[in-house]
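Structure below is model-v2.cif: mmCIF, C-alpha atoms.
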data_protein
#
loop_
_atom_site.label_atom_id
_atom_site.label_comp_id
_atom_site.auth_asym_id
_atom_site.auth_seq_id
_atom_site.Cartn_x
_atom_site.Cartn_y
_atom_site.Cartn_z
CA MET E 259 115.84 116.74 96.93
CA LYS E 260 115.36 115.48 93.39
CA LYS E 261 111.78 115.93 92.22
CA GLU E 262 111.24 112.20 91.69
CA PHE E 263 111.98 111.57 95.36
CA GLU E 264 109.66 114.22 96.79
CA LYS E 265 106.85 111.67 97.17
CA ILE E 266 108.96 109.02 98.91
CA LYS E 267 107.56 107.91 102.24
CA VAL E 268 108.83 104.32 102.53
CA ILE E 269 112.46 103.15 102.25
CA VAL E 270 113.25 99.41 102.12
CA CYS E 271 116.76 97.93 102.22
CA ASP E 272 118.17 94.52 101.52
CA ILE E 273 120.92 93.68 104.02
CA ASP E 274 123.92 91.71 102.70
CA GLY E 275 125.68 93.48 99.86
CA THR E 276 123.48 96.54 100.32
CA ILE E 277 123.79 98.10 103.77
CA VAL E 278 126.16 95.42 105.08
CA ASP E 279 129.30 94.25 103.23
CA GLU E 280 130.99 90.85 103.38
CA THR E 281 132.12 91.49 106.98
CA ARG E 282 128.41 91.45 107.94
CA GLU E 283 129.08 94.46 110.13
CA ILE E 284 127.04 97.61 109.59
CA HIS E 285 128.96 100.88 109.45
CA GLN E 286 128.12 103.58 111.97
CA VAL E 287 127.47 106.05 109.17
CA THR E 288 124.68 103.75 107.93
CA VAL E 289 123.13 103.47 111.38
CA ASP E 290 123.23 107.25 111.72
CA LYS E 291 121.56 107.67 108.33
CA ILE E 292 118.79 105.21 109.17
CA ASN E 293 118.10 107.09 112.41
CA GLU E 294 118.12 110.41 110.57
CA LEU E 295 115.64 109.18 107.96
CA ARG E 296 113.28 107.86 110.59
CA ASP E 297 113.48 111.06 112.61
CA MET E 298 112.45 112.85 109.42
CA GLY E 299 109.33 110.69 109.23
CA TYR E 300 110.29 108.06 106.65
CA VAL E 301 109.00 104.53 107.16
CA PHE E 302 112.09 102.28 107.14
CA ALA E 303 112.23 98.52 106.61
CA LEU E 304 114.56 95.60 106.02
CA ALA E 305 114.06 93.00 103.29
CA SER E 306 116.06 89.78 103.48
CA GLY E 307 116.26 86.14 102.51
CA ARG E 308 116.64 85.35 106.20
CA PRO E 309 113.61 84.53 108.36
CA VAL E 310 111.96 87.39 110.22
CA ARG E 311 112.83 85.65 113.48
CA ASP E 312 116.52 86.25 112.79
CA LEU E 313 116.03 89.94 112.10
CA LEU E 314 113.82 91.11 114.95
CA ASP E 315 116.72 92.19 117.14
CA LYS E 316 118.89 93.64 114.37
CA TYR E 317 117.95 97.13 115.48
CA GLU E 318 119.38 96.37 118.93
CA GLU E 319 122.47 94.65 117.56
CA TRP E 320 123.14 97.57 115.23
CA LYS E 321 122.13 100.15 117.85
CA VAL E 322 119.42 101.64 115.67
CA ASP E 323 117.13 103.85 117.78
CA ARG E 324 114.03 101.66 117.54
CA GLN E 325 112.52 98.62 115.84
CA PHE E 326 112.13 98.78 112.05
CA ASP E 327 108.64 99.66 110.86
CA PHE E 328 108.33 96.37 108.98
CA ILE E 329 110.57 93.47 108.00
CA ILE E 330 110.32 91.30 104.89
CA GLY E 331 111.76 87.84 105.53
CA LEU E 332 112.43 84.68 103.51
CA ASN E 333 112.46 86.71 100.28
CA GLY E 334 108.86 87.77 100.71
CA VAL E 335 107.30 84.72 102.32
CA GLU E 336 107.17 86.53 105.68
CA LEU E 337 106.12 90.07 106.60
CA TYR E 338 106.54 91.46 110.11
CA ASP E 339 104.47 94.54 110.99
CA ASN E 340 105.86 96.44 113.96
CA LYS E 341 102.53 98.18 114.58
CA THR E 342 100.80 94.90 115.29
CA GLY E 343 103.84 92.89 116.39
CA LYS E 344 102.66 90.06 114.13
CA THR E 345 104.30 88.16 111.27
CA GLU E 346 102.19 87.06 108.31
CA SER E 347 103.23 84.25 105.96
CA TYR E 348 102.49 84.06 102.23
CA LYS E 349 103.11 81.71 99.31
CA MET E 350 104.82 78.73 100.94
CA LEU E 351 106.91 76.20 99.01
CA ARG E 352 104.86 73.00 98.65
CA LYS E 353 106.39 69.79 99.94
CA GLU E 354 106.07 68.06 96.55
CA TRP E 355 107.95 70.96 94.98
CA ILE E 356 110.72 70.62 97.55
CA LYS E 357 111.14 66.95 96.62
CA ASP E 358 111.30 67.91 92.94
CA ILE E 359 113.85 70.66 93.62
CA ILE E 360 116.14 68.33 95.56
CA GLY E 361 115.96 65.90 92.64
CA GLU E 362 117.10 68.66 90.29
CA MET E 363 119.95 69.88 92.47
CA ILE E 364 121.35 66.74 94.08
CA SER E 365 123.77 66.00 91.22
CA PHE E 366 125.71 69.15 92.15
CA ASP E 367 126.58 67.60 95.53
CA PRO E 368 125.19 70.55 97.50
CA VAL E 369 124.93 71.17 101.21
CA ILE E 370 121.18 71.58 101.69
CA GLY E 371 119.87 73.97 104.31
CA MET E 372 116.48 74.97 105.66
CA TYR E 373 115.19 77.13 108.52
CA VAL E 374 112.61 75.25 110.59
CA GLY E 375 111.51 76.96 113.78
CA ASN E 376 114.40 77.12 116.22
CA GLU E 377 116.49 74.69 114.19
CA TYR E 378 118.74 74.97 111.16
CA TRP E 379 118.28 71.77 109.18
CA CYS E 380 121.22 70.70 107.08
CA SER E 381 122.17 67.68 105.00
CA LEU E 382 125.81 67.83 106.12
CA ARG E 383 127.62 69.35 109.05
CA THR E 384 130.39 71.54 107.71
CA GLU E 385 132.19 74.47 109.27
CA ARG E 386 130.05 76.78 107.14
CA SER E 387 126.73 75.12 107.99
CA ALA E 388 127.56 74.97 111.69
CA PHE E 389 128.38 78.67 111.58
CA SER E 390 125.06 79.38 109.85
CA ALA E 391 123.24 77.68 112.71
CA TYR E 392 125.28 79.58 115.27
CA LYS E 393 124.84 82.91 113.49
CA SER E 394 121.07 82.48 113.34
CA ARG E 395 121.01 81.27 116.97
CA ARG E 396 119.48 77.98 115.99
CA THR E 397 120.21 74.41 116.94
CA PHE E 398 122.00 72.55 114.16
CA ALA E 399 120.02 69.50 113.03
CA ALA E 400 121.43 66.97 110.56
CA LYS E 401 118.65 65.66 108.33
CA GLU E 402 118.13 63.01 105.66
CA LEU E 403 116.75 64.11 102.29
CA PRO E 404 113.13 62.93 102.90
CA ASP E 405 112.97 65.07 106.05
CA PHE E 406 113.12 68.22 103.96
CA TYR E 407 109.86 67.54 102.11
CA VAL E 408 107.59 66.30 104.90
CA GLU E 409 105.75 69.63 105.06
CA ASP E 410 105.33 72.86 103.11
CA ARG E 411 108.14 75.30 103.96
CA GLY E 412 109.14 78.88 103.32
CA GLY E 413 112.17 77.96 101.22
CA ILE E 414 115.21 75.72 100.77
CA MET E 415 118.90 76.56 100.20
CA PHE E 416 121.74 74.85 98.35
CA ARG E 417 125.37 75.80 98.89
CA MET E 418 127.81 74.51 96.25
CA LYS E 419 131.38 74.85 95.08
CA LEU E 420 131.94 78.20 93.44
CA GLU E 421 133.45 76.72 90.28
CA ILE E 422 130.26 74.86 89.34
CA MET E 423 127.93 77.83 89.77
CA PRO E 424 127.80 78.62 86.01
CA GLU E 425 126.31 75.15 85.43
CA VAL E 426 123.93 75.63 88.35
CA GLU E 427 122.74 78.91 86.88
CA LYS E 428 121.89 77.14 83.61
CA VAL E 429 119.69 74.73 85.55
CA LEU E 430 118.03 77.65 87.34
CA ASP E 431 117.30 79.30 83.99
CA ARG E 432 115.70 76.11 82.70
CA ILE E 433 113.62 75.56 85.83
CA ASN E 434 112.44 79.16 85.94
CA SER E 435 111.46 79.11 82.26
CA GLU E 436 109.28 76.04 82.76
CA GLU E 437 106.93 77.83 85.20
CA ARG E 438 106.73 74.97 87.67
CA GLY E 439 105.23 76.99 90.51
CA TYR E 440 108.59 77.53 92.17
CA LYS E 441 111.70 79.48 91.23
CA GLY E 442 115.42 79.42 92.01
CA PHE E 443 117.78 82.35 92.40
CA LYS E 444 121.28 83.18 93.60
CA THR E 445 121.53 84.98 96.93
CA GLN E 446 125.31 84.61 97.36
CA THR E 447 128.10 83.69 94.96
CA ASP E 448 127.94 80.04 96.09
CA LEU E 449 124.35 79.84 97.32
CA VAL E 450 121.03 79.38 95.54
CA GLU E 451 117.60 79.37 97.11
CA PHE E 452 114.18 78.22 95.99
CA ALA E 453 110.79 79.69 96.84
CA ASN E 454 107.22 79.77 95.59
CA ALA E 455 107.28 81.50 92.20
CA GLU E 456 104.71 84.02 93.42
CA ALA E 457 106.71 84.90 96.54
CA ASN E 458 109.17 87.75 96.36
CA LYS E 459 110.19 90.84 98.28
CA GLY E 460 108.10 92.99 95.96
CA TYR E 461 104.95 91.00 96.77
CA ALA E 462 105.46 91.51 100.51
CA LEU E 463 106.12 95.22 99.98
CA LYS E 464 102.84 95.49 98.07
CA MET E 465 101.02 93.73 100.92
CA PHE E 466 102.38 96.27 103.40
CA CYS E 467 101.51 99.21 101.16
CA ASP E 468 97.98 97.92 100.56
CA LYS E 469 97.46 97.55 104.31
CA TYR E 470 98.48 101.11 105.15
CA GLY E 471 97.49 102.98 102.02
CA TYR E 472 100.92 103.72 100.54
CA GLU E 473 101.45 103.86 96.78
CA LEU E 474 104.37 101.93 95.34
CA ASP E 475 105.44 105.21 93.73
CA GLU E 476 106.04 106.41 97.29
CA CYS E 477 108.56 103.60 97.96
CA LEU E 478 112.32 103.56 97.42
CA ALA E 479 114.02 100.15 97.57
CA PHE E 480 117.71 99.22 97.68
CA GLY E 481 119.21 95.84 96.72
CA ASP E 482 122.15 94.13 95.09
CA THR E 483 121.23 90.75 93.62
CA THR E 484 118.59 88.58 91.98
CA ASN E 485 116.33 88.04 94.99
CA ASP E 486 115.86 91.83 95.13
CA ASN E 487 114.76 92.21 91.50
CA GLU E 488 110.99 92.13 91.93
CA MET E 489 111.17 94.59 94.80
CA LEU E 490 113.30 97.00 92.77
CA LYS E 491 111.00 96.68 89.76
CA CYS E 492 107.76 97.37 91.61
CA CYS E 493 108.80 100.78 92.99
CA HIS E 494 111.72 103.20 92.67
CA GLY E 495 114.54 100.66 92.70
CA VAL E 496 118.20 101.30 93.44
CA CYS E 497 120.92 98.72 92.84
CA LEU E 498 124.27 99.04 94.58
CA LYS E 499 127.30 99.57 92.33
CA ASN E 500 128.59 96.15 93.46
CA GLY E 501 125.31 94.49 92.46
CA SER E 502 124.73 91.76 89.89
CA ASP E 503 124.16 92.64 86.23
CA ASP E 504 120.57 91.38 86.18
CA THR E 505 119.68 93.53 89.18
CA LYS E 506 121.33 96.60 87.69
CA ALA E 507 119.30 96.01 84.53
CA CYS E 508 115.96 96.15 86.34
CA ALA E 509 116.82 99.01 88.70
CA GLU E 510 115.86 102.61 88.06
CA TYR E 511 119.11 103.84 89.62
CA ILE E 512 122.59 102.52 90.41
CA THR E 513 124.61 103.94 93.29
CA ASP E 514 127.86 105.76 92.63
CA LYS E 515 129.60 103.74 95.36
CA THR E 516 129.70 100.11 96.51
CA ASP E 517 128.45 98.61 99.75
CA LYS E 518 131.99 98.83 101.14
CA GLU E 519 132.00 102.55 100.33
CA ASP E 520 128.60 103.16 101.97
CA GLY E 521 126.80 103.44 98.65
CA PHE E 522 123.38 103.52 100.33
CA VAL E 523 124.34 106.50 102.50
CA ASP E 524 125.98 108.28 99.58
CA PHE E 525 122.86 107.86 97.42
CA ILE E 526 120.52 109.06 100.16
CA ASP E 527 122.65 112.12 100.81
CA LYS E 528 123.18 113.05 97.16
CA TYR E 529 119.80 112.32 95.64
CA VAL E 530 117.19 112.10 98.39
CA LEU E 531 118.31 114.60 101.02
CA ASN E 532 120.65 116.76 98.92
CA ASN E 533 123.19 116.77 101.75
CA ASP E 534 126.15 116.54 99.38
#

Serialized structure, structure tokens:
Amino acid sequence: MKKEFEKIKVIVCDIDGTIVDETREIHQVTVDKINELRDMGYVFALASGRPVRDLLDKYEEWKVDRQFDFIIGLNGVELYDNKTGKTESYKMLRKEWIKDIIGEMISFDPVIGMYVGNEYWCSLRTERSAFSAYKSRRTFAAKELPDFYVEDRGGIMFRMKLEIMPEVEKVLDRINSEERGYKGFKTQTDLVEFANAEANKGYALKMFCDKYGYELDECLAFGDTTNDNEMLKCCHGVCLKNGSDDTKACAEYITDKTDKEDGFVDFIDKYVLNND
């Protein structure tokens, strides 16, 4: 084991692009490594842009031995603690902000999405949006724009044509520089999400560590794109080789292999467990 990893007690992983590739299927070698780490006494967690509700049975779906120790959902707005069985919510997106965000993004002709309880709210029923509802085991609900900003929510999503994403990113840069109280970030090549500017995966990780007395220096986090940045910056951060340039820039380490090549497992074996 490398000296810098001797103190590690907590390992947190983003899902898509990190331990799961574009097929959204986890490889058996990754499942085996997660089980091995937990048997060795490491605390292991997931951190995702998806709601906690959608992740609670991932351990069963993936055939991991037991429930994850904690789960960060909605990019840090939600934190599930397996010891208590409870989910805490932090830093919601205010309804007036949601209205403002829609006003900024509507010119890009996006398909707007939002998780609300057991429903997946969407501005337009497309094959992709219907699949998102099905995949998250929610009822699809077509909504008008004012419906999205009736109440404070955890976040809002905008899926757009891939060719206009460079222009969208310019708008995100402008919005984020103006410190409006909310922020926007890419979570997929054609998807951007907005959340409270103070909400991020790193914030939720800190909340968990504070609760149980872990130091951030005892945490190792893996991610691949912008919504992972704060988490990777607040502890020992690892970006996958396939990750975005901004995430690589703020990570302490970059894996030698991509998500498709089981980069997470390779890094753990080479640098944490010295199994190579």

Within 9 Å of range 410-413 of chain E: each range 308-340 of chain E residue with its shortest pair, all atoms listed in the file, as a tab-separated table:
residue	atom	partner	partner_atom	distance
E:Pro309	CA	E:Gly412	CA	8.8
E:Leu332	CA	E:Gly412	CA	6.7
E:Asn333	CA	E:Gly413	CA	8.8
E:Val335	CA	E:Gly412	CA	6.2
E:Glu336	CA	E:Gly412	CA	8.2

Exercise. Quick one: residues within 6 Å of Phe480 in chain E, only C-alpha atoms counted, chain neighbours fewer than 2 positions away excluded, as a PyMOL selection string?
Worked result: chain E and resi 271+496-497

Exercise. Which of these, E:Asp524, E:Met363, E:Asp514, E:Asp405, has the shortest distance to Val450 in chain E once you count all atoms listed in the file?
Worked result: E:Met363

For this session: Would you please work out which residue, of E:Glu519, E:Glu421, E:Glu319, E:Asp312, is nearest to Arg395 in chain E when using all atoms listed in the file?
Result: E:Asp312

Problem set entry | Residue among E:Asp503, E:Asp517, E:Asp323, E:Glu451 lying closest to Gly371 in chain E, counting all atoms listed in the file |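 Closest candidate: E:Glu451.
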
Exercise. Quick one: residues within 9 Å of Thr445 in chain E, all atoms listed in the file counted, chain neighbours fewer than 3 positions away excluded, as a PyMOL selection string?
Worked result: chain E and resi 307+448-451+483-485

If you count all atoms listed in the file, which residues fall within 12 Å of Lys265 in chain E, apart from same-chain ones fewer than 6 positions away, as a PDB file with C-alpha atoms, in the frame of the given file?
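The result, stored in out.pdb:
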ATOM      1  CA  MET E 259     115.840 116.740  96.930  1.00  0.00           C
ATOM      2  CA  TYR E 300     110.290 108.060 106.650  1.00  0.00           C
ATOM      3  CA  TYR E 472     100.920 103.720 100.540  1.00  0.00           C
ATOM      4  CA  GLU E 473     101.450 103.860  96.780  1.00  0.00           C
ATOM      5  CA  LEU E 474     104.370 101.930  95.340  1.00  0.00           C
ATOM      6  CA  ASP E 475     105.440 105.210  93.730  1.00  0.00           C
ATOM      7  CA  GLU E 476     106.040 106.410  97.290  1.00  0.00           C
ATOM      8  CA  CYS E 477     108.560 103.600  97.960  1.00  0.00           C
ATOM      9  CA  LEU E 478     112.320 103.560  97.420  1.00  0.00           C
ATOM     10  CA  CYS E 493     108.800 100.780  92.990  1.00  0.00           C
ATOM     11  CA  HIS E 494     111.720 103.200  92.670  1.00  0.00           C
ATOM     12  CA  VAL E 530     117.190 112.100  98.390  1.00  0.00           C
TER      13      VAL E 530
END

Exercise. Range 272-288 of chain E: which residues within 7 Å, counting all atoms listed in the file, same-chain residues fewer than 6 positions away excluded, as a PyMOL selection string?
Worked result: chain E and resi 304-306+320+480-482+498+517-518+522-523

Seminar exercise, completed: Pairwise distance, CA of Ser381 in chain E with CA of Leu420 in chain E, equals 18.4 Å

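Ranking E:Arg296, E:Asp327, E:Lys291, E:Lys419 by their shortest atom-to-atom distance to Asp367 in chain E, with all atoms listed in the file included, puts E:Lys419 first.
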
Problem set entry | Counting only C-alpha atoms, the option among E:Tyr378, E:Trp355, E:Phe366, E:Phe389 closest to Glu409 in chain E | E:Trp355

For this session: Using all atoms listed in the file, find the one residue out of E:Met372, E:Gly471, E:Asp504, E:Glu362 that sits nearest to Val426 in chain E.
Result: E:Glu362

Exercise. By how many Å are CA of Asn454 in chain E and CA of Ala479 in chain E apart?
Worked result: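 Taking CA of Asn454 in chain E and CA of Ala479 in chain E, their separation equals 21.6 Å.
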
Exercise. For the atom pair CA of Lys316 in chain E and CA of Lys393 in chain E, what is the interatomic distance in Å to one decimal place?
Worked result: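 About the pair CA of Lys316 in chain E and CA of Lys393 in chain E: they are 12.3 Å apart.
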
Exercise. Can you tell me, as a ChimeraX atom specification, what residues are no more than 8 Å from range 427-437 of chain E when counting only C-alpha atoms, ignoring any on the same chain fewer than 5 positions away?
Worked result: /E:442-443,455

For this session: Spell out the residues picked by the PyMOL selection byres ((chain E and resi 403) around 12) here, as a VMD selection string.
Result: chain E and resid 356 to 361 363 to 364 368 to 372 379 to 382 400 to 402 404 to 408 414

Pop range 464-492 of chain E out of the structure in the block and write N, CA and C atoms as a CSV table (one decimal), in the first residue's frame.
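Result file out_8.csv:
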chain,number,residue,atom,x,y,z
E,464,LYS,N,-18.8,15.5,3.7
E,464,LYS,CA,-18.3,16.2,4.9
E,464,LYS,C,-19.4,16.0,6.0
E,465,MET,N,-20.6,16.0,5.7
E,465,MET,CA,-21.7,15.8,6.7
E,465,MET,C,-21.6,14.4,7.3
E,466,PHE,N,-21.3,13.4,6.4
E,466,PHE,CA,-21.2,12.0,6.9
E,466,PHE,C,-20.0,11.9,7.8
E,467,CYS,N,-18.9,12.5,7.4
E,467,CYS,CA,-17.6,12.4,8.1
E,467,CYS,C,-17.8,13.1,9.5
E,468,ASP,N,-18.4,14.3,9.5
E,468,ASP,CA,-18.6,15.0,10.8
E,468,ASP,C,-19.4,14.1,11.7
E,469,LYS,N,-20.4,13.5,11.2
E,469,LYS,CA,-21.3,12.7,12.0
E,469,LYS,C,-20.6,11.5,12.7
E,470,TYR,N,-19.7,10.9,12.0
E,470,TYR,CA,-19.1,9.7,12.5
E,470,TYR,C,-17.6,9.8,12.9
E,471,GLY,N,-17.1,11.1,12.8
E,471,GLY,CA,-15.7,11.3,13.3
E,471,GLY,C,-14.6,11.0,12.3
E,472,TYR,N,-14.9,10.9,11.0
E,472,TYR,CA,-13.9,10.6,10.1
E,472,TYR,C,-13.2,11.9,9.6
E,473,GLU,N,-11.9,11.9,9.3
E,473,GLU,CA,-11.3,13.0,8.7
E,473,GLU,C,-11.4,12.9,7.2
E,474,LEU,N,-11.5,14.0,6.5
E,474,LEU,CA,-11.5,14.0,5.0
E,474,LEU,C,-10.2,13.4,4.4
E,475,ASP,N,-9.1,13.5,5.2
E,475,ASP,CA,-7.9,12.9,4.8
E,475,ASP,C,-7.9,11.4,4.8
E,476,GLU,N,-9.0,10.9,5.4
E,476,GLU,CA,-9.2,9.4,5.5
E,476,GLU,C,-10.1,8.9,4.4
E,477,CYS,N,-10.5,9.8,3.5
E,477,CYS,CA,-11.5,9.5,2.4
E,477,CYS,C,-10.8,9.4,1.1
E,478,LEU,N,-11.2,8.5,0.3
E,478,LEU,CA,-10.7,8.4,-1.1
E,478,LEU,C,-12.0,8.3,-2.0
E,479,ALA,N,-12.1,9.3,-2.9
E,479,ALA,CA,-13.2,9.4,-3.8
E,479,ALA,C,-12.9,9.3,-5.3
E,480,PHE,N,-13.8,8.6,-6.0
E,480,PHE,CA,-13.6,8.4,-7.4
E,480,PHE,C,-14.7,9.1,-8.2
E,481,GLY,N,-14.4,9.7,-9.3
E,481,GLY,CA,-15.4,10.4,-10.2
E,481,GLY,C,-14.9,10.6,-11.6
E,482,ASP,N,-15.8,11.1,-12.4
E,482,ASP,CA,-15.3,11.3,-13.8
E,482,ASP,C,-15.8,12.6,-14.5
E,483,THR,N,-16.7,13.4,-13.8
E,483,THR,CA,-17.1,14.6,-14.5
E,483,THR,C,-17.4,15.7,-13.5
E,484,THR,N,-17.9,16.8,-14.0
E,484,THR,CA,-18.0,18.1,-13.2
E,484,THR,C,-18.7,18.0,-11.9
E,485,ASN,N,-19.8,17.2,-11.9
E,485,ASN,CA,-20.6,17.1,-10.6
E,485,ASN,C,-19.8,16.3,-9.5
E,486,ASP,N,-18.7,15.8,-9.9
E,486,ASP,CA,-17.8,15.1,-8.9
E,486,ASP,C,-16.7,16.0,-8.3
E,487,ASN,N,-16.5,17.1,-8.9
E,487,ASN,CA,-15.3,18.0,-8.6
E,487,ASN,C,-15.1,18.3,-7.2
E,488,GLU,N,-16.2,18.8,-6.5
E,488,GLU,CA,-16.1,19.2,-5.1
E,488,GLU,C,-15.8,18.0,-4.2
E,489,MET,N,-16.3,16.9,-4.5
E,489,MET,CA,-16.0,15.7,-3.8
E,489,MET,C,-14.6,15.3,-3.9
E,490,LEU,N,-14.0,15.4,-5.1
E,490,LEU,CA,-12.7,15.0,-5.4
E,490,LEU,C,-11.7,16.0,-4.8
E,491,LYS,N,-12.1,17.2,-4.7
E,491,LYS,CA,-11.2,18.3,-4.1
E,491,LYS,C,-11.1,18.2,-2.6
E,492,CYS,N,-12.2,17.8,-2.0
E,492,CYS,CA,-12.2,17.9,-0.5
E,492,CYS,C,-11.5,16.7,0.2
